[in-house]
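Chemist: start20.txt (compact mmCIF, C-alpha atoms) pasted underneath:
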```txt
# COMPACT_ATOMS: atom_id res chain seq x y z
CA MET A 1 177.84 -0.68 11.26
CA ASN A 2 175.72 0.41 8.31
CA GLU A 3 172.33 -1.16 7.67
CA SER A 4 173.56 -3.15 4.72
CA ILE A 5 177.07 -4.46 4.23
CA CYS A 6 178.81 -6.88 1.92
CA VAL A 7 181.61 -8.95 3.42
CA LEU A 8 184.46 -10.16 1.26
CA PRO A 9 186.78 -12.56 3.15
CA CYS A 10 189.95 -13.89 1.55
CA ASN A 11 188.91 -17.44 2.47
CA GLY A 12 192.44 -18.74 2.20
CA LEU A 13 192.74 -22.45 2.84
CA ASP A 14 196.44 -22.87 3.30
CA LYS A 15 196.85 -20.80 6.47
CA CYS A 16 194.93 -20.48 9.70
CA ALA A 17 194.45 -16.74 9.14
CA GLY A 18 192.59 -17.35 5.88
CA ASP A 19 190.30 -19.82 7.59
CA LEU A 20 189.60 -17.28 10.34
CA SER A 21 188.60 -14.70 7.74
CA ARG A 22 185.97 -17.18 6.64
CA ARG A 23 184.82 -17.83 10.20
CA VAL A 24 184.40 -14.12 10.82
CA ALA A 25 182.48 -13.72 7.58
CA LEU A 26 180.14 -16.57 8.43
CA GLU A 27 179.51 -15.10 11.89
CA LEU A 28 178.64 -11.77 10.30
CA THR A 29 176.18 -13.34 7.93
CA GLN A 30 174.06 -14.42 10.88
CA SER A 31 172.62 -10.94 10.39
CA GLU A 32 170.17 -10.61 7.50
CA GLU A 33 171.69 -7.29 6.48
CA VAL A 34 175.00 -8.88 5.62
CA GLU A 35 175.73 -10.39 2.23
CA LEU A 36 178.64 -12.78 2.04
CA ILE A 37 180.74 -12.49 -1.09
CA CYS A 38 182.71 -15.46 -2.32
CA PRO A 39 186.02 -14.07 -3.62
CA VAL A 40 186.43 -16.69 -6.29
CA LEU A 41 182.90 -16.45 -7.63
CA LEU A 42 183.22 -12.66 -7.55
CA ASN A 43 186.34 -12.92 -9.68
CA GLN A 44 184.59 -15.25 -12.07
CA ASN A 45 181.22 -13.55 -12.27
CA LYS A 46 181.08 -10.03 -10.84
CA THR A 47 177.48 -9.54 -11.97
CA ARG A 48 176.40 -12.15 -9.42
CA TYR A 49 177.05 -9.60 -6.67
CA GLU A 50 176.39 -6.33 -8.53
CA LYS A 51 173.08 -5.61 -6.80
CA ALA A 52 174.40 -6.36 -3.33
CA LEU A 53 177.52 -4.26 -3.87
CA ALA A 54 175.48 -1.35 -5.15
CA ALA A 55 173.20 -1.47 -2.10
CA GLY A 56 175.75 -2.08 0.65
CA ASP A 57 179.15 -0.94 1.86
CA LEU A 58 182.00 -3.35 1.31
CA THR A 59 183.98 -4.75 4.23
CA VAL A 60 187.09 -6.71 3.27
CA ILE A 61 188.67 -9.30 5.58
CA ASP A 62 192.20 -10.27 4.60
CA GLY A 63 193.80 -13.25 6.28
CA CYS A 64 197.43 -12.31 5.79
CA ASN A 65 199.53 -9.55 4.33
CA THR A 66 199.31 -10.95 0.82
CA ARG A 67 195.94 -9.15 0.93
CA CYS A 68 194.28 -11.28 -1.72
CA ALA A 69 190.77 -10.01 -0.93
CA SER A 70 191.90 -6.36 -1.03
CA LYS A 71 193.71 -6.91 -4.30
CA LEU A 72 190.68 -8.57 -5.80
CA ALA A 73 188.49 -5.63 -4.73
CA GLY A 74 191.07 -3.27 -6.22
CA ASP A 75 191.27 -5.18 -9.48
CA LEU A 76 187.51 -5.00 -9.82
CA ASP A 77 187.39 -1.29 -8.86
CA LEU A 78 185.25 -1.91 -5.79
CA ALA A 79 185.22 0.82 -3.15
CA ILE A 80 186.24 -0.58 0.23
CA LYS A 81 184.44 0.95 3.18
CA GLU A 82 186.20 -0.98 5.90
CA LYS A 83 189.06 -3.40 6.03
CA VAL A 84 190.46 -5.77 8.63
CA ASN A 85 193.54 -7.95 8.48
CA VAL A 86 193.26 -11.08 10.64
CA SER A 87 197.04 -11.48 10.98
CA ASP A 88 197.40 -7.89 12.21
CA VAL A 89 194.69 -8.44 14.80
CA ALA A 90 196.35 -11.69 15.94
CA LYS A 91 199.70 -9.92 16.18
CA ALA A 92 198.20 -7.17 18.32
CA LEU A 93 196.82 -9.89 20.62
CA ASP A 94 200.25 -11.59 20.64
CA ILE A 95 198.76 -14.75 19.14
CA LYS A 96 200.68 -16.80 16.60
CA LEU A 97 198.31 -18.34 14.05
CA GLY A 98 200.66 -20.40 11.88
CA VAL A 99 199.53 -22.77 9.17
CA GLU A 100 197.45 -25.36 11.00
CA ILE A 101 193.74 -24.69 10.92
CA ARG A 102 192.35 -24.96 14.42
CA ASP A 103 189.46 -23.92 16.61
CA ASP A 104 190.86 -23.17 20.06
CA GLN A 105 190.85 -20.34 22.61
CA ASP A 106 193.42 -18.34 20.65
CA THR A 107 191.60 -18.48 17.33
CA GLN A 108 188.29 -17.76 19.06
CA ALA A 109 189.85 -14.68 20.65
CA VAL A 110 191.05 -13.48 17.24
CA VAL A 111 187.61 -14.03 15.69
CA ARG A 112 185.97 -12.10 18.56
CA GLU A 113 188.42 -9.22 18.19
CA VAL A 114 187.97 -9.00 14.42
CA LEU A 115 184.19 -9.02 14.84
CA GLU A 116 184.45 -6.28 17.45
CA LYS A 117 186.58 -4.18 15.14
CA ILE A 118 184.06 -4.51 12.35
CA ASN A 119 181.05 -3.87 14.54
CA SER A 120 182.41 -0.95 16.51
CA SER A 121 181.65 2.46 15.07
CA ALA A 122 184.44 4.98 14.77
CA ALA A 123 185.08 7.09 17.84
CA GLU A 124 183.28 10.40 17.86
CA GLN A 125 185.47 13.21 16.70
CA THR A 126 185.03 16.80 17.69
CA GLU A 127 184.63 19.61 15.22
CA SER A 128 187.90 20.53 13.59
CA GLU A 129 189.86 23.39 15.14
CA PHE A 130 192.19 23.52 12.19
CA ILE A 131 191.91 26.76 10.20
CA GLU A 132 192.39 26.12 6.51
CA PRO A 133 194.23 28.76 4.45
CA ASP A 134 192.21 30.57 1.78
CA SER A 135 194.40 29.36 -1.03
CA ILE A 136 197.66 27.48 -1.53
CA GLU A 137 200.19 28.37 -4.16
CA TYR A 138 202.32 25.61 -5.70
CA ASN A 139 205.67 25.19 -7.38
CA THR A 140 205.92 22.44 -9.96
CA PHE A 141 208.58 20.57 -11.87
CA SER A 142 208.32 17.90 -14.49
CA HIS A 143 210.25 14.71 -15.01
CA GLY A 144 209.41 12.71 -18.10
CA LYS A 145 205.66 12.50 -18.32
CA PHE A 146 205.21 13.32 -14.63
CA ILE A 147 204.56 16.76 -13.15
CA PHE A 148 205.15 17.07 -9.41
CA LYS A 149 203.79 19.86 -7.27
CA VAL A 150 204.91 21.13 -3.88
CA PRO A 151 203.28 23.99 -1.92
CA GLN A 152 205.26 27.22 -1.83
CA SER A 153 204.98 27.71 1.95
CA ASN A 154 203.49 26.62 5.31
CA TYR A 155 204.10 22.90 4.74
CA PHE A 156 206.90 20.80 6.23
CA PHE A 157 208.03 17.41 4.99
CA ASN A 158 209.94 14.42 6.26
CA GLU A 159 212.08 12.37 3.90
CA ASN A 160 209.35 9.73 3.77
CA ASP A 161 207.31 12.22 1.70
CA CYS A 162 204.73 12.89 4.38
CA TRP A 163 203.76 16.48 5.11
CA VAL A 164 202.46 18.49 8.02
CA THR A 165 200.87 21.93 7.93
CA ILE A 166 200.30 23.96 11.06
CA SER A 167 197.46 26.05 12.44
CA GLY A 168 198.30 27.23 15.97
CA ASN A 169 198.78 24.13 18.06
CA MET A 170 196.91 21.98 15.56
CA ALA A 171 198.26 20.35 12.44
CA ARG A 172 197.19 18.25 9.52
CA VAL A 173 199.24 15.42 8.12
CA GLY A 174 199.13 13.95 4.64
CA VAL A 175 201.23 12.53 1.85
CA SER A 176 202.92 14.39 -0.96
CA ASP A 177 201.94 14.55 -4.60
CA TYR A 178 204.93 12.32 -5.29
CA VAL A 179 203.50 9.55 -3.10
CA GLN A 180 200.04 9.65 -4.64
CA GLN A 181 201.48 9.51 -8.15
CA ASN A 182 203.64 6.55 -7.21
CA LEU A 183 200.75 4.65 -5.66
CA SER A 184 198.31 5.49 -8.44
CA ASP A 185 194.60 5.06 -7.59
CA ILE A 186 194.18 5.08 -3.81
CA LEU A 187 191.56 2.56 -2.76
CA TYR A 188 191.65 2.65 0.99
CA VAL A 189 192.90 4.79 3.85
CA ASP A 190 193.57 3.06 7.17
CA PRO A 191 193.70 5.88 9.72
CA PRO A 192 194.93 5.74 13.33
CA GLU A 193 192.46 5.80 16.24
CA ILE A 194 191.34 9.14 17.62
CA GLY A 195 193.20 9.75 20.87
CA ASP A 196 196.30 7.83 19.78
CA LYS A 197 199.50 9.46 21.02
CA PHE A 198 202.53 9.17 18.79
CA GLU A 199 206.11 10.35 18.41
CA GLN A 200 207.76 11.89 15.39
CA PHE A 201 208.44 9.18 12.75
CA ASP A 202 205.96 6.78 14.31
CA ASP A 203 203.58 4.90 12.05
CA LEU A 204 200.34 6.88 11.60
CA GLY A 205 198.19 4.46 9.61
CA SER A 206 198.52 3.61 5.96
CA ILE A 207 197.07 4.22 2.53
CA GLU A 208 196.62 1.56 -0.04
CA SER A 209 196.27 1.31 -3.79
CA SER A 210 196.07 -1.77 -5.94
CA LYS A 211 199.84 -1.39 -6.41
CA ALA A 212 201.10 -1.09 -2.83
CA VAL A 213 200.53 -0.16 0.79
CA PHE A 214 202.21 3.04 1.99
CA GLU A 215 202.87 3.45 5.71
CA ILE A 216 202.35 7.02 6.85
CA ILE A 217 205.40 8.07 8.85
CA SER A 218 204.41 10.96 11.04
CA PRO A 219 206.44 14.14 10.53
CA VAL A 220 205.50 15.35 14.03
CA SER A 221 204.69 14.11 17.52
CA GLY A 222 201.28 14.63 19.09
CA THR A 223 197.79 13.20 19.61
CA VAL A 224 195.26 12.27 16.93
CA VAL A 225 192.18 14.47 17.25
CA ALA A 226 190.47 13.79 13.93
CA VAL A 227 190.74 11.77 10.76
CA ASN A 228 189.49 12.77 7.35
CA VAL A 229 186.24 10.79 7.27
CA SER A 230 185.40 12.01 3.77
CA LEU A 231 188.13 9.66 2.54
CA ASN A 232 185.98 6.69 3.61
CA ASP A 233 183.72 7.33 0.66
CA ALA A 234 186.20 9.11 -1.58
CA PRO A 235 189.80 7.90 -1.03
CA GLU A 236 190.58 9.24 -4.51
CA GLN A 237 190.72 12.71 -2.92
CA VAL A 238 194.27 11.82 -1.90
CA ASN A 239 195.08 11.52 -5.61
CA GLU A 240 193.12 14.56 -6.67
CA SER A 241 194.11 16.93 -3.90
CA PRO A 242 197.00 15.51 -1.85
CA TYR A 243 197.78 18.75 0.01
CA GLU A 244 194.25 19.97 0.66
CA LYS A 245 191.11 17.79 0.51
CA GLY A 246 193.23 14.65 0.75
CA TRP A 247 194.64 15.37 4.22
CA LEU A 248 194.72 12.25 6.37
CA VAL A 249 194.98 13.01 10.08
CA GLU A 250 194.50 16.05 12.30
CA VAL A 251 196.72 16.20 15.35
CA HIS A 252 197.30 18.20 18.48
CA LEU A 253 201.01 18.96 18.41
CA SER A 254 203.22 18.20 21.37
CA ASP A 255 206.52 19.88 20.42
CA PHE A 256 206.63 21.21 16.90
CA GLU A 257 209.68 23.39 17.54
CA GLU A 258 211.76 20.32 18.22
CA ASP A 259 210.13 18.24 15.45
CA GLN A 260 210.82 20.98 12.93
CA ASP A 261 214.58 20.44 13.21
CA LEU A 262 214.20 17.17 11.32
CA LEU A 263 211.84 18.43 8.61
CA HIS A 264 212.28 20.15 5.26
CA ASP A 265 210.43 23.38 4.59
CA CYS A 266 208.82 23.79 1.16
CA PRO A 267 211.83 25.09 -0.83
CA ALA A 268 214.11 22.45 0.74
CA TYR A 269 211.64 19.65 0.01
CA PHE A 270 211.21 20.90 -3.54
CA GLU A 271 214.96 20.51 -4.08
CA PHE A 272 215.05 17.20 -2.20
CA LEU A 273 212.26 15.82 -4.36
CA GLN A 274 213.88 16.97 -7.59
CA ARG A 275 217.05 15.09 -6.63
CA LYS A 276 215.10 12.01 -5.52
CA VAL A 277 213.07 11.83 -8.71
CA ALA A 278 216.19 12.26 -10.85
CA GLU A 279 218.05 9.53 -8.92
CA ILE A 280 215.36 6.87 -9.05
CA ASP A 281 214.35 7.81 -12.59
CA VAL A 282 210.56 7.52 -12.16
CA MET B 1 208.02 -41.76 -6.41
CA ILE B 2 206.93 -38.15 -6.59
CA THR B 3 205.99 -36.55 -3.36
CA ASN B 4 204.41 -33.21 -2.77
CA LYS B 5 204.23 -32.60 -6.49
CA ILE B 6 200.53 -33.04 -6.99
CA GLY B 7 198.43 -30.01 -6.20
CA VAL B 8 194.88 -29.82 -4.90
CA ILE B 9 192.77 -26.70 -5.02
CA SER B 10 189.47 -26.44 -3.24
CA CYS B 11 186.86 -23.91 -4.31
CA SER B 12 186.47 -20.97 -1.98
CA GLY B 13 183.13 -22.23 -0.86
CA GLU B 14 181.15 -19.25 0.33
CA GLU B 15 178.18 -19.81 -1.92
CA CYS B 16 176.98 -23.16 -0.67
CA LEU B 17 177.38 -26.20 1.57
CA GLY B 18 179.23 -27.98 -1.25
CA GLY B 19 181.97 -25.40 -0.82
CA THR B 20 182.22 -26.13 2.90
CA ILE B 21 182.52 -29.84 2.08
CA SER B 22 185.16 -29.28 -0.59
CA ARG B 23 187.32 -27.25 1.80
CA LEU B 24 187.07 -29.84 4.56
CA ALA B 25 187.77 -32.69 2.15
CA VAL B 26 190.95 -31.06 0.91
CA ARG B 27 192.10 -30.42 4.47
CA LYS B 28 191.38 -34.05 5.37
CA MET B 29 193.37 -35.24 2.40
CA MET B 30 196.29 -33.03 3.25
CA GLU B 31 196.34 -33.72 6.98
CA GLU B 32 195.14 -37.34 7.27
CA LEU B 33 194.92 -39.25 4.00
CA LYS B 34 197.98 -38.07 2.08
CA PRO B 35 200.08 -36.17 4.57
CA GLY B 36 203.23 -34.77 3.04
CA MET B 37 202.23 -36.02 -0.42
CA VAL B 38 200.01 -33.26 -1.63
CA SER B 39 200.42 -29.51 -2.03
CA THR B 40 197.31 -27.56 -1.18
CA LEU B 41 197.08 -24.42 -3.24
CA CYS B 42 195.22 -21.39 -1.97
CA LEU B 43 192.63 -20.39 -4.57
CA PRO B 44 192.37 -16.68 -3.61
CA LEU B 45 196.18 -16.49 -3.76
CA PHE B 46 196.08 -18.32 -7.07
CA ILE B 47 193.69 -15.70 -8.44
CA ALA B 48 195.68 -12.80 -6.98
CA GLY B 49 198.68 -14.15 -8.89
CA ASP B 50 201.13 -14.16 -5.98
CA GLY B 51 202.94 -16.86 -4.10
CA GLY B 52 203.88 -19.19 -6.97
CA GLU B 53 200.53 -21.01 -6.98
CA ARG B 54 199.96 -20.48 -10.71
CA GLU B 55 203.49 -21.62 -11.55
CA PHE B 56 202.96 -24.77 -9.51
CA ALA B 57 199.74 -25.63 -11.33
CA GLU B 58 201.46 -25.03 -14.66
CA LYS B 59 204.30 -27.41 -13.87
CA TYR B 60 202.61 -30.11 -11.83
CA PRO B 61 199.33 -32.04 -12.06
CA THR B 62 196.64 -30.27 -10.08
CA ILE B 63 193.21 -31.49 -8.98
CA ALA B 64 190.26 -29.13 -8.59
CA VAL B 65 187.71 -29.89 -5.86
CA ASP B 66 184.59 -27.83 -6.48
CA GLY B 67 181.55 -27.44 -4.27
CA CYS B 68 179.02 -27.08 -7.04
CA SER B 69 178.64 -27.18 -10.78
CA LYS B 70 179.88 -23.59 -11.14
CA CYS B 71 183.31 -25.23 -10.89
CA CYS B 72 185.11 -22.03 -9.81
CA ALA B 73 188.33 -23.83 -8.88
CA LYS B 74 188.54 -25.79 -12.13
CA ARG B 75 187.80 -22.73 -14.21
CA ALA B 76 190.37 -20.63 -12.39
CA ILE B 77 193.11 -23.22 -12.86
CA GLU B 78 192.35 -23.56 -16.56
CA LYS B 79 192.13 -19.79 -17.01
CA TYR B 80 195.39 -18.91 -15.24
CA SER B 81 197.56 -22.03 -15.50
CA ASN B 82 196.84 -25.26 -17.23
CA LYS B 83 194.30 -28.00 -17.80
CA VAL B 84 193.43 -29.71 -14.53
CA ALA B 85 194.75 -33.23 -13.99
CA GLY B 86 191.41 -34.19 -12.46
CA SER B 87 188.34 -32.63 -10.96
CA VAL B 88 185.77 -33.43 -8.31
CA ASP B 89 182.33 -31.84 -8.11
CA VAL B 90 180.84 -32.25 -4.63
CA ALA B 91 177.34 -31.78 -6.08
CA GLU B 92 177.79 -35.01 -8.05
CA ILE B 93 178.64 -36.86 -4.84
CA ILE B 94 176.03 -35.47 -2.43
CA GLY B 95 173.39 -34.22 -4.89
CA GLU B 96 172.79 -30.76 -6.32
CA VAL B 97 170.06 -29.80 -3.84
CA LYS B 98 172.15 -30.65 -0.80
CA ALA B 99 175.26 -29.03 -2.26
CA LEU B 100 173.43 -25.75 -2.77
CA GLU B 101 172.33 -25.46 0.86
CA LYS B 102 173.86 -22.62 2.91
CA PRO B 103 177.58 -22.81 3.77
CA LEU B 104 178.47 -23.84 7.31
CA SER B 105 181.01 -22.89 9.89
CA THR B 106 183.18 -25.93 10.68
CA ARG B 107 181.87 -25.93 14.26
CA ASN B 108 178.35 -26.61 12.95
CA VAL B 109 179.34 -29.59 10.87
CA THR B 110 177.38 -32.77 11.73
CA ASP B 111 178.16 -36.47 11.27
CA GLU B 112 176.14 -36.40 8.06
CA HIS B 113 178.32 -33.59 6.72
CA MET B 114 181.45 -35.47 7.78
CA GLU B 115 180.22 -38.44 5.75
CA TYR B 116 180.06 -36.14 2.70
CA VAL B 117 183.56 -34.92 3.51
CA ASN B 118 184.85 -38.49 3.68
CA LYS B 119 183.27 -39.43 0.35
CA THR B 120 184.66 -36.31 -1.35
CA ALA B 121 188.11 -36.86 0.11
CA ALA B 122 188.03 -40.53 -0.97
CA LYS B 123 187.09 -39.55 -4.53
CA THR B 124 189.90 -36.98 -4.61
CA CYS B 125 192.35 -39.57 -3.31
CA GLU B 126 191.31 -41.96 -6.10
CA ILE B 127 192.21 -39.32 -8.68
CA PHE B 128 195.43 -38.59 -6.80
CA ASP B 129 196.42 -42.27 -6.85
CA ASP B 130 195.68 -42.55 -10.58
CA ILE B 131 197.92 -39.57 -11.31
CA LEU B 132 200.62 -41.04 -9.13
CA ILE B 133 200.51 -44.44 -10.89
CA LYS B 134 200.66 -42.80 -14.33
CA SER B 135 203.65 -40.73 -13.30
CA ILE B 136 205.76 -43.74 -12.32
```
Written as structure tokens, how would this file's structure read?

Modeler:
Amino acid sequence: MNESICVLPCNGLDKCAGDLSRRVALELTQSEEVELICPVLLNQNKTRYEKALAAGDLTVIDGCNTRCASKLAGDLDLAIKEKVNVSDVAKALDIKLGVEIRDDQDTQAVVREVLEKINSSAAEQTESEFIEPDSIEYNTFSHGKFIFKVPQSNYFFNENDCWVTISGNMARVGVSDYVQQNLSDILYVDPPEIGDKFEQFDDLGSIESSKAVFEIISPVSGTVVAVNVSLNDAPEQVNESPYEKGWLVEVHLSDFEEDQDLLHDCPAYFEFLQRKVAEIDV
Amino acid sequence: MITNKIGVISCSGEECLGGTISRLAVRKMMEELKPGMVSTLCLPLFIAGDGGEREFAEKYPTIAVDGCSKCCAKRAIEKYSNKVAGSVDVAEIIGEVKALEKPLSTRNVTDEHMEYVNKTAAKTCEIFDDILIKSI
């Protein structure tokens, strides 16, 4: 955890998960380096917290998937350093929270787990073995006011608009230009854990804008060896450079030859995307 | 008789003890004093604009229970929905100095705090009953 952090819980009152977000936040503020941010006062008077937000990283604790605290941070253009969703943590622990606010073994376990998530530093990642190409050439097409770009070669795409590019047995995964334009300003990237093993089309984290959350569907199978930590401070790189600086996850491939059968190469994806954009009339 | 058609919104309560009291008072009202008769609206959800909270407060009388004189809940309701049907300021019940003490986790709440909760809940129930009588 950084020396100074601001904690923004959702503080919901009508569900147990919202109440737990508050309990976690209050536990965290036992430390002098943590400033608790009241979501409602923040909405009403942002200047009240300007100093604290300028000095510390922002951790957001959402109670449920309505993500009120995240949305508030997004609406106010606050950069989120870390984010935890109480309901997701409870689900992973196989605990049903429900509506009733309670203080029992289950809710205490959820609070402990959320605190641990926030306090634990990211796993060490080794230096990248991925060799980046010198330059990437793009093809583009326009539709209305939008211009979409797709690399000319060395990228492969699934139909969920996630890409993979290969360097030996290593690969990088990201989202297409189409995804970033749909989401608009990316506020937060929720990467998988280093060491996670996954199959093709498994969920590989998510990215989030003030408009929506996009689940990253992995185009390949493998093991996570690195995540793009520069996105912690600059998630907008996904918007600015979706195929290069905005890569999301680096993986050790397990069977790319087989995975490739279900992927589009660049020319095929270019055509696929043209059809898709025309059909949904973006 | 209307049931479940009066809303109560507590302030979010992270700035001060008054906020802790307002939250507990609204829970007490909902669970013990007026069970099944009151709809508790989630203020963060209300501000986010999801979940039908704003529409509820536009259609039905809604009471704001605020922890201090900043009156975040009352202001939010009036900004996004409608005039409040009634409002409670915990600071007026327990005193400004006390209300502005640090917020508490519910597990650290003492008998003294529970007395404040009871008074705040009773005041909110009074307003609730008045609204109910007028609506008949």

Chemist: Write out as CSV the residues of chain A that have any atom within 7 Å of an atom of chain B, one row each with the nearest atom pair and its distance in Å to one decimal, counting all atoms listed in the file, sorted by chain and then rising number.

Modeler:
```
residue,atom,partner,partner_atom,distance
A:Cys10,CA,B:Pro44,CA,6.3
A:Asn11,CA,B:Ser12,CA,6.2
A:Gly12,CA,B:Cys42,CA,5.7
A:Leu13,CA,B:Cys42,CA,5.5
A:Asp14,CA,B:Cys42,CA,5.6
A:Arg23,CA,B:Ser105,CA,6.3
A:Leu26,CA,B:Ser105,CA,6.5
A:Ile37,CA,B:Glu14,CA,6.9
A:Cys38,CA,B:Glu14,CA,4.9
A:Pro39,CA,B:Pro44,CA,6.9
A:Val40,CA,B:Ser12,CA,6.1
A:Leu41,CA,B:Cys72,CA,6.4
A:Cys68,CA,B:Ala48,CA,5.7
A:Lys71,CA,B:Ala48,CA,6.8
A:Leu72,CA,B:Ala48,CA,6.7
```

Chemist: Which residues are close to range 79-93 of chain A, i.e. within 6 Å by all atoms listed in the file, leaving aside same-chain residues fewer than 5 positions away? Reply as a PyMOL selection string.

Modeler: chain A and resi 17+57-64+110+232

Chemist: What is the CA of Pro133 in chain A-CA of Asn158 in chain A distance in Å, reported with one decimal?

Modeler: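 A separation of 21.3 Å between them.
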
Chemist: Using Å and a single decimal, report how far CA of Gly74 in chain A sits from CA of Leu183 in chain A.

Modeler: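 Computing it gives 12.5 Å between the two atoms.
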
Chemist: To one decimal in Å, tell me the separation between CA of Thr47 in chain A and CA of Glu92 in chain B.

Modeler: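 So the two atoms, CA of Thr47 in chain A and CA of Glu92 in chain B, lie 25.8 Å apart.
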
Chemist: Compile the contact shell of Ala121 in chain B as number ranges by chain: residues with an atom at most 9 Å away, counting all atoms listed in the file, same-chain residues fewer than 5 positions apart removed.

Modeler: B: 22, 24-29, 33, 116, 126

Chemist: Next, the residues of the selection above should be written as a PDB file, keeping the file's coordinate frame with C-alpha atoms.

Modeler:
```
ATOM      1  CA  SER B  22     185.160 -29.280  -0.590  1.00  0.00           C
ATOM      2  CA  LEU B  24     187.070 -29.840   4.560  1.00  0.00           C
ATOM      3  CA  ALA B  25     187.770 -32.690   2.150  1.00  0.00           C
ATOM      4  CA  VAL B  26     190.950 -31.060   0.910  1.00  0.00           C
ATOM      5  CA  ARG B  27     192.100 -30.420   4.470  1.00  0.00           C
ATOM      6  CA  LYS B  28     191.380 -34.050   5.370  1.00  0.00           C
ATOM      7  CA  MET B  29     193.370 -35.240   2.400  1.00  0.00           C
ATOM      8  CA  LEU B  33     194.920 -39.250   4.000  1.00  0.00           C
ATOM      9  CA  TYR B 116     180.060 -36.140   2.700  1.00  0.00           C
ATOM     10  CA  GLU B 126     191.310 -41.960  -6.100  1.00  0.00           C
TER      11      GLU B 126
END
```

Chemist: Just the residues within 10 Å of range 80-87 of chain B, please, counting all atoms listed in the file, with nothing from its chain fewer than 5 positions along; format it as a PyMOL selection string.

Modeler: chain B and resi 6-10+46-47+49+53-66+71+73-75+123-124+127-128+130-131

Chemist: Report the centre and edge lengths, in Å to one decimal, of an axis-aligned box enclosing every atom of range 5-13 of chain B listed in the file, padded by 4 Å on each side, as AutoDock Vina command-line options.

Modeler:
```
--center_x 193.7 --center_y -27.0 --center_z -3.9 --size_x 29.1 --size_y 20.1 --size_z 14.1
```

Chemist: Return the single residue from B:Ala122, B:Glu78, B:Ile21, B:Asn108 that is closest to Glu27 in chain A, with distances computed using all atoms listed in the file.

Modeler: B:Asn108
